[in-house]
$ cat data-v9.txt   # compact mmCIF, C-alpha atoms and all ligand atoms
# COMPACT_ATOMS: atom_id res chain seq x y z
CA MET A 293 28.71 -21.39 0.69
CA SER A 294 26.87 -18.34 2.02
CA LYS A 295 24.24 -19.08 4.61
CA LYS A 296 20.93 -17.28 4.30
CA SER A 297 20.03 -15.37 7.48
CA PRO A 298 16.85 -16.75 9.05
CA ARG A 299 13.60 -14.91 8.45
CA PRO A 300 12.95 -12.53 11.38
CA LYS A 301 10.16 -13.63 13.68
CA PRO A 302 7.23 -11.22 13.79
CA LYS A 303 5.76 -10.24 17.14
CA TYR A 304 2.25 -10.18 15.73
CA LYS A 305 0.56 -12.86 13.67
CA ARG A 306 -2.48 -10.88 12.54
CA ILE A 307 -2.63 -7.10 12.22
CA VAL A 308 -4.93 -4.35 11.06
CA LEU A 309 -3.13 -1.58 9.23
CA LYS A 310 -5.07 1.69 9.16
CA ILE A 311 -4.05 4.05 6.38
CA SER A 312 -5.68 7.45 6.28
CA GLY A 313 -6.80 8.80 2.95
CA GLU A 314 -4.55 11.83 3.36
CA ALA A 315 -1.55 9.51 3.50
CA LEU A 316 -2.16 8.62 -0.16
CA ARG A 317 -1.90 12.21 -1.34
CA GLU A 318 1.42 13.84 -2.06
CA ALA A 319 1.86 17.06 -0.09
CA GLY A 320 1.00 20.06 -2.23
CA SER A 321 -0.32 17.99 -5.12
CA LYS A 322 -3.77 18.54 -6.57
CA ASP A 323 -4.12 14.83 -7.27
CA ASN A 324 -6.00 12.94 -4.59
CA ILE A 325 -3.98 9.79 -5.00
CA SER A 326 -0.26 9.58 -5.66
CA PRO A 327 0.56 6.36 -7.53
CA GLN A 328 4.13 6.52 -6.15
CA ILE A 329 2.92 6.69 -2.56
CA VAL A 330 0.40 3.91 -3.08
CA ARG A 331 3.11 1.79 -4.65
CA SER A 332 5.47 2.42 -1.77
CA ILE A 333 2.77 1.44 0.74
CA ALA A 334 2.02 -1.66 -1.30
CA GLN A 335 5.71 -2.58 -1.24
CA GLN A 336 5.83 -2.18 2.53
CA ILE A 337 2.73 -4.34 2.91
CA LYS A 338 4.27 -7.00 0.68
CA GLU A 339 7.41 -7.12 2.81
CA VAL A 340 5.34 -7.71 5.93
CA SER A 341 3.13 -10.24 4.19
CA ASP A 342 6.27 -12.08 3.09
CA LEU A 343 7.15 -12.51 6.78
CA GLY A 344 4.00 -14.59 7.12
CA VAL A 345 1.99 -11.91 8.91
CA GLU A 346 -1.74 -11.83 8.21
CA ILE A 347 -2.65 -8.29 7.16
CA ALA A 348 -6.01 -6.59 6.96
CA VAL A 349 -5.91 -3.02 5.71
CA VAL A 350 -8.51 -0.38 6.51
CA VAL A 351 -8.28 2.62 4.22
CA GLY A 352 -9.69 6.07 4.91
CA GLY A 353 -11.16 8.47 2.41
CA GLY A 354 -10.20 11.92 3.67
CA ASN A 355 -8.08 12.68 0.60
CA ILE A 356 -11.26 12.61 -1.49
CA TRP A 357 -14.19 13.37 0.78
CA ARG A 358 -15.05 13.69 4.45
CA GLY A 359 -18.57 13.76 5.79
CA LEU A 360 -18.10 16.74 8.04
CA PRO A 361 -19.05 19.56 7.80
CA ALA A 362 -22.03 18.40 5.77
CA SER A 363 -24.30 21.34 6.47
CA ASN A 364 -21.82 23.75 4.83
CA ARG A 365 -22.35 21.92 1.59
CA GLY A 366 -26.10 21.99 1.83
CA MET A 367 -26.47 18.30 2.46
CA GLU A 368 -27.47 15.97 5.21
CA ARG A 369 -24.71 14.48 7.32
CA SER A 370 -25.70 10.92 6.39
CA THR A 371 -25.48 11.65 2.66
CA ALA A 372 -22.10 13.29 3.10
CA ASP A 373 -20.92 10.32 5.15
CA TYR A 374 -22.01 7.82 2.52
CA MET A 375 -20.00 9.85 0.03
CA GLY A 376 -17.01 9.54 2.38
CA MET A 377 -17.47 5.78 2.54
CA LEU A 378 -17.53 5.59 -1.26
CA ALA A 379 -14.28 7.58 -1.28
CA THR A 380 -12.63 4.82 0.75
CA VAL A 381 -13.63 2.32 -1.95
CA ILE A 382 -11.73 4.35 -4.54
CA ASN A 383 -8.62 4.35 -2.36
CA GLY A 384 -8.97 0.64 -1.65
CA MET A 385 -9.12 -0.12 -5.36
CA ALA A 386 -5.95 1.89 -5.95
CA LEU A 387 -4.16 -0.04 -3.23
CA GLN A 388 -5.45 -3.39 -4.40
CA SER A 389 -4.28 -2.75 -7.91
CA GLN A 390 -0.74 -1.87 -6.77
CA LEU A 391 -0.55 -4.86 -4.46
CA GLU A 392 -1.57 -7.20 -7.25
CA GLU A 393 1.01 -5.58 -9.53
CA LEU A 394 3.57 -6.72 -6.97
CA GLY A 395 2.17 -10.22 -6.98
CA VAL A 396 0.38 -10.02 -3.63
CA THR A 397 -2.96 -11.82 -3.60
CA THR A 398 -5.63 -9.56 -2.18
CA ARG A 399 -9.34 -9.47 -1.54
CA THR A 400 -11.29 -6.30 -1.04
CA GLN A 401 -14.34 -6.51 1.19
CA THR A 402 -16.85 -3.71 1.29
CA ALA A 403 -19.29 -2.82 4.03
CA ILE A 404 -21.66 -1.37 1.40
CA ARG A 405 -22.62 -3.95 -1.17
CA MET A 406 -21.31 -3.38 -4.68
CA ASP A 407 -20.85 -6.80 -6.16
CA ASN A 408 -19.15 -5.64 -9.36
CA VAL A 409 -16.36 -4.05 -7.41
CA ALA A 410 -15.66 -6.05 -4.27
CA GLU A 411 -16.84 -8.87 -2.05
CA PRO A 412 -19.27 -8.00 0.68
CA PHE A 413 -17.79 -7.95 4.17
CA ILE A 414 -18.20 -11.41 5.63
CA ARG A 415 -16.20 -11.90 8.80
CA ARG A 416 -15.58 -15.61 8.46
CA ARG A 417 -14.59 -15.25 4.85
CA ALA A 418 -12.21 -12.42 5.71
CA ILE A 419 -10.54 -14.63 8.32
CA ARG A 420 -10.28 -17.45 5.80
CA HIS A 421 -8.56 -15.13 3.29
CA LEU A 422 -6.10 -14.05 5.96
CA GLU A 423 -5.33 -17.65 6.87
CA GLN A 424 -4.66 -18.30 3.20
CA GLY A 425 -2.10 -15.50 3.18
CA ARG A 426 -4.21 -13.03 1.23
CA VAL A 427 -4.12 -9.37 2.14
CA VAL A 428 -7.65 -8.23 2.91
CA ILE A 429 -8.63 -4.61 2.24
CA PHE A 430 -11.67 -3.40 4.13
CA VAL A 431 -13.48 -0.55 2.39
CA ALA A 432 -16.65 1.51 2.84
CA GLY A 433 -15.91 1.97 6.52
CA THR A 434 -18.40 0.35 8.86
CA GLY A 435 -21.15 0.90 6.28
CA ASN A 436 -22.81 3.35 8.67
CA PRO A 437 -22.81 7.12 8.67
CA PHE A 438 -21.62 8.98 11.78
CA PHE A 439 -18.59 6.72 12.13
CA SER A 440 -15.00 6.97 10.97
CA THR A 441 -12.51 4.63 9.40
CA ASP A 442 -10.58 4.63 12.70
CA THR A 443 -13.70 3.13 14.22
CA THR A 444 -13.78 0.69 11.32
CA ALA A 445 -10.22 -0.34 12.13
CA ALA A 446 -11.11 -0.83 15.79
CA LEU A 447 -14.24 -2.80 14.90
CA ARG A 448 -12.64 -5.04 12.28
CA ALA A 449 -9.60 -5.66 14.49
CA SER A 450 -11.91 -6.84 17.27
CA GLU A 451 -13.98 -8.95 14.87
CA ILE A 452 -11.09 -10.75 13.22
CA GLY A 453 -9.03 -11.05 16.39
CA ALA A 454 -6.12 -8.88 15.26
CA GLN A 455 -3.39 -8.50 17.87
CA VAL A 456 -2.66 -4.87 17.08
CA ILE A 457 -3.77 -1.90 15.02
CA LEU A 458 -0.99 -0.10 13.23
CA LYS A 459 -2.16 3.43 12.66
CA ALA A 460 -0.04 4.97 9.94
CA THR A 461 0.04 8.76 10.16
CA LYS A 462 2.26 11.66 9.25
CA VAL A 463 3.68 12.09 12.78
CA ASP A 464 6.04 9.66 14.43
CA GLY A 465 3.93 8.92 17.47
CA ILE A 466 1.92 10.52 20.25
CA TYR A 467 3.26 13.64 21.90
CA SER A 468 2.37 15.40 25.15
CA ALA A 469 1.51 18.48 23.04
CA ASP A 470 1.57 19.47 19.39
CA PRO A 471 5.29 19.17 18.50
CA ASN A 472 4.88 21.78 15.76
CA LYS A 473 3.69 24.37 18.28
CA ASP A 474 5.28 23.42 21.58
CA PRO A 475 9.08 22.90 21.66
CA LYS A 476 8.71 21.16 25.04
CA ALA A 477 6.43 18.49 23.64
CA VAL A 478 7.73 15.00 24.43
CA LYS A 479 7.00 11.79 22.58
CA TYR A 480 5.62 8.80 24.46
CA GLN A 481 7.17 5.43 23.70
CA THR A 482 4.30 3.68 25.40
CA ILE A 483 1.17 4.93 27.09
CA SER A 484 -1.85 3.27 28.67
CA TYR A 485 -5.37 3.77 27.34
CA VAL A 486 -6.38 5.47 30.58
CA GLU A 487 -3.44 7.85 30.54
CA ALA A 488 -4.11 8.77 26.91
CA LEU A 489 -7.73 9.46 27.84
CA THR A 490 -7.03 11.51 30.97
CA LYS A 491 -4.35 13.50 29.18
CA ARG A 492 -6.81 14.04 26.33
CA LEU A 493 -4.30 12.88 23.74
CA GLN A 494 -6.09 12.48 20.44
CA VAL A 495 -5.04 8.98 19.42
CA MET A 496 -8.27 8.22 17.57
CA ASP A 497 -11.80 9.55 17.78
CA SER A 498 -13.54 8.60 21.01
CA THR A 499 -15.71 5.82 19.54
CA ALA A 500 -12.69 4.14 17.96
CA PHE A 501 -10.60 4.59 21.07
CA SER A 502 -13.14 3.13 23.45
CA LEU A 503 -13.65 0.11 21.19
CA CYS A 504 -9.91 -0.56 21.30
CA MET A 505 -9.79 -0.03 25.05
CA ASP A 506 -12.81 -2.24 25.79
CA ASN A 507 -11.55 -5.03 23.57
CA LYS A 508 -7.90 -4.60 24.61
CA VAL A 509 -6.61 -4.05 21.09
CA PRO A 510 -3.24 -2.27 21.30
CA ILE A 511 -2.61 0.61 18.90
CA ILE A 512 0.74 1.65 17.48
CA VAL A 513 0.76 5.17 16.06
CA PHE A 514 3.69 5.76 13.75
CA ASP A 515 5.00 7.74 10.83
CA MET A 516 4.54 5.94 7.56
CA MET A 517 7.03 8.08 5.67
CA ASN A 518 9.81 5.92 7.08
CA LYS A 519 9.67 2.97 4.76
CA ASN A 520 10.75 0.40 7.35
CA ASN A 521 8.28 1.37 10.03
CA ILE A 522 5.48 -1.05 9.25
CA LYS A 523 7.92 -3.94 9.18
CA ASN A 524 9.77 -2.79 12.29
CA ALA A 525 6.52 -2.35 14.19
CA VAL A 526 5.44 -5.86 13.26
CA LEU A 527 8.82 -7.21 14.36
CA GLY A 528 8.26 -5.60 17.77
CA LYS A 529 10.95 -2.94 17.37
CA LYS A 530 10.39 0.46 18.96
CA VAL A 531 8.39 2.45 16.44
CA GLY A 532 6.15 5.42 17.19
CA THR A 533 3.97 5.12 20.30
CA LEU A 534 2.33 1.98 21.63
CA VAL A 535 -1.01 2.45 23.38
CA SER A 536 -1.99 -0.61 25.39
N1 LIG A 601 -17.34 7.30 7.03
C1 LIG A 601 -18.57 6.95 7.58
N2 LIG A 601 -18.71 5.77 8.26
C2 LIG A 601 -17.66 4.93 8.45
C3 LIG A 601 -16.39 5.30 7.92
C4 LIG A 601 -16.28 6.49 7.21
O1 LIG A 601 -19.54 7.68 7.44
O2 LIG A 601 -17.84 3.88 9.06
C5 LIG A 601 -17.25 8.53 6.20
C6 LIG A 601 -17.09 9.80 7.00
O3 LIG A 601 -17.82 10.80 6.36
C7 LIG A 601 -15.61 10.09 6.91
C8 LIG A 601 -15.29 9.60 5.51
O4 LIG A 601 -16.11 8.45 5.36
O5 LIG A 601 -15.35 11.46 7.03
C9 LIG A 601 -13.86 9.24 5.26
O6 LIG A 601 -13.35 8.47 6.33
P1 LIG A 601 -12.28 9.05 7.36
O7 LIG A 601 -12.53 10.51 7.61
O8 LIG A 601 -12.25 8.17 8.54
O9 LIG A 601 -10.96 8.88 6.51
P2 LIG A 601 -9.45 9.26 6.89
O10 LIG A 601 -9.47 10.43 7.83
O11 LIG A 601 -8.86 8.07 7.55
O12 LIG A 601 -8.82 9.54 5.57

$ encode --input "data-v9.txt" --output "structure tokens" --more "lines below"
Ligand code: UDP
Amino acid sequence: MSKKSPRPKPKYKRIVLKISGEALREAGSKDNISPQIVRSIAQQIKEVSDLGVEIAVVVGGGNIWRGLPASNRGMERSTADYMGMLATVINGMALQSQLEELGVTTRTQTAIRMDNVAEPFIRRRAIRHLEQGRVVIFVAGTGNPFFSTDTTAALRASEIGAQVILKATKVDGIYSADPNKDPKAVKYQTISYVEALTKRLQVMDSTAFSLCMDNKVPIIVFDMMNKNNIKNAVLGKKVGTLVS
């Protein structure tokens, strides 16, 4: 009789996964959202959820709309930012739909009320969903202009007591310089908040970064093109760069 290997033990019980809007677009495509990419992300999330990890996802909106530079488009920054927040709702709906296709129970919570589309963000309810094994998708950013979805990830992670933020990007970690321009650029396996600050390494925007630092939320920056990275990061394997 073949023995089933035991389920690997995750290092983190509750995580925030930050997915930028750009990550949902296929390079060179004119479509803002690639169904294949969204499906692949959904599959990766399912695998991690199946390990018993509580997952809250914060999605960006940069593939559809970014607030800055608002003045170029003849509009106020706040208006442009609200448009950006609405863009994140579109992405969140795409992700929710693919997750549910795969049989993952999800709840989307929005920071800007739109009752026909998603639940309002209610911290205690979000925590309850997570405890019930539902994947929670946070959309509409913080609900405030002049912020970013990285800040949203930092804020929500602090609010729900997540043990780590996994920041999925298109580079495989944090480098001493731009690896595309400087052949001597080295990748950090781990780095402290202070070192990242003094070396001016752009991990997140400054508001997001200081929230993480003040509330001691570690950040793992990693490349999401490698399909095992989210899982490996959750299992505590060396993936990307850990800021702590
Ligand atoms: N945004 C905002 N407040 C927030 C979060 C987002 O005003 O709390 C707006 C902002 O204009 C931003 C846009 O939404 O440019 C899309 O979010 P972001 O640029 O963070 O998305 P990403 O780069 O992760 O795709």

$ residues_around --input "data-v9.txt" --residues "Gly435 in chain A" --least-positions-apart "5" --cutoff "10 Å" --atoms "all atoms listed in the file" --output "ChimeraX atom specification"
/A:373-374,377-378,402-405,413,440-441,444

$ axis_aligned_box --input "data-v9.txt" --around "ligand LIG 601 (chain A)" --padding-each-side "3 Å" --output "AutoDock Vina command-line options"
--center_x -14.2 --center_y 7.7 --center_z 7.2 --size_x 16.7 --size_y 13.6 --size_z 9.8

$ closest_atom_pairs --input "data-v9.txt" --of "chain A" --to "ligand LIG 601 (chain A)" --cutoff "6 Å" --atoms "all atoms listed in the file" --output "tab-separated table"
residue	atom	partner	partner_atom	distance
A:Ser312	CA	A:LIG601	O11	3.5
A:Gly313	CA	A:LIG601	O12	3.4
A:Glu314	CA	A:LIG601	O12	5.3
A:Gly352	CA	A:LIG601	O11	3.4
A:Gly353	CA	A:LIG601	C9	4.0
A:Gly354	CA	A:LIG601	O12	3.3
A:Asn355	CA	A:LIG601	O12	5.9
A:Arg358	CA	A:LIG601	O5	3.4
A:Gly359	CA	A:LIG601	O3	3.1
A:Ala372	CA	A:LIG601	O3	5.9
A:Asp373	CA	A:LIG601	O3	3.4
A:Tyr374	CA	A:LIG601	O1	5.5
A:Gly376	CA	A:LIG601	O4	3.3
A:Met377	CA	A:LIG601	O4	4.1
A:Gly433	CA	A:LIG601	C3	3.6
A:Thr434	CA	A:LIG601	O2	3.6
A:Gly435	CA	A:LIG601	O2	5.3
A:Asn436	CA	A:LIG601	N2	4.8
A:Pro437	CA	A:LIG601	O1	3.5
A:Phe438	CA	A:LIG601	O1	5.0
A:Phe439	CA	A:LIG601	N2	4.0
A:Ser440	CA	A:LIG601	C3	3.7
A:Thr441	CA	A:LIG601	O8	3.7
A:Asp442	CA	A:LIG601	O8	5.7
A:Thr444	CA	A:LIG601	O2	5.6

$ closest_residue --input "data-v9.txt" --among "A:Ala525, A:Val351, A:Ile333, A:Ile325" --to "Arg448 in chain A" --atoms "only C-alpha atoms"
A:Val351

$ residues_around --input "data-v9.txt" --residues "Ala500 in chain A" --least-positions-apart "3" --cutoff "6 Å" --atoms "all atoms listed in the file" --output "PDB file with C-alpha atoms, keeping the file's coordinate frame"
ATOM      1  CA  ASP A 442     -10.580   4.630  12.700  1.00  0.00           C
ATOM      2  CA  THR A 443     -13.700   3.130  14.220  1.00  0.00           C
ATOM      3  CA  ALA A 446     -11.110  -0.830  15.790  1.00  0.00           C
ATOM      4  CA  ASP A 497     -11.800   9.550  17.780  1.00  0.00           C
ATOM      5  CA  LEU A 503     -13.650   0.110  21.190  1.00  0.00           C
TER       6      LEU A 503
END

$ residues_around --input "data-v9.txt" --residues "range 417-423 of chain A" --least-positions-apart "3" --cutoff "12 Å" --atoms "all atoms listed in the file" --output "ChimeraX atom specification"
/A:305-308,341,344-349,397-402,411-414,426-430,448-454

$ write_last_selection --input "data-v9.txt" --atoms "C-alpha atoms" --output "compact mmCIF listing (two decimals), in the coordinates of the input"
# COMPACT_ATOMS: atom_id res chain seq x y z
CA LYS A 305 0.56 -12.86 13.67
CA ARG A 306 -2.48 -10.88 12.54
CA ILE A 307 -2.63 -7.10 12.22
CA VAL A 308 -4.93 -4.35 11.06
CA SER A 341 3.13 -10.24 4.19
CA GLY A 344 4.00 -14.59 7.12
CA VAL A 345 1.99 -11.91 8.91
CA GLU A 346 -1.74 -11.83 8.21
CA ILE A 347 -2.65 -8.29 7.16
CA ALA A 348 -6.01 -6.59 6.96
CA VAL A 349 -5.91 -3.02 5.71
CA THR A 397 -2.96 -11.82 -3.60
CA THR A 398 -5.63 -9.56 -2.18
CA ARG A 399 -9.34 -9.47 -1.54
CA THR A 400 -11.29 -6.30 -1.04
CA GLN A 401 -14.34 -6.51 1.19
CA THR A 402 -16.85 -3.71 1.29
CA GLU A 411 -16.84 -8.87 -2.05
CA PRO A 412 -19.27 -8.00 0.68
CA PHE A 413 -17.79 -7.95 4.17
CA ILE A 414 -18.20 -11.41 5.63
CA ARG A 426 -4.21 -13.03 1.23
CA VAL A 427 -4.12 -9.37 2.14
CA VAL A 428 -7.65 -8.23 2.91
CA ILE A 429 -8.63 -4.61 2.24
CA PHE A 430 -11.67 -3.40 4.13
CA ARG A 448 -12.64 -5.04 12.28
CA ALA A 449 -9.60 -5.66 14.49
CA SER A 450 -11.91 -6.84 17.27
CA GLU A 451 -13.98 -8.95 14.87
CA ILE A 452 -11.09 -10.75 13.22
CA GLY A 453 -9.03 -11.05 16.39
CA ALA A 454 -6.12 -8.88 15.26

$ atom_distance --input "data-v9.txt" --atom1 "CA of Ala445 in chain A" --atom2 "CA of Leu309 in chain A"
7.8 Å

$ atom_distance --input "data-v9.txt" --atom1 "CA of Ile483 in chain A" --atom2 "CA of Ile466 in chain A"
8.9 Å
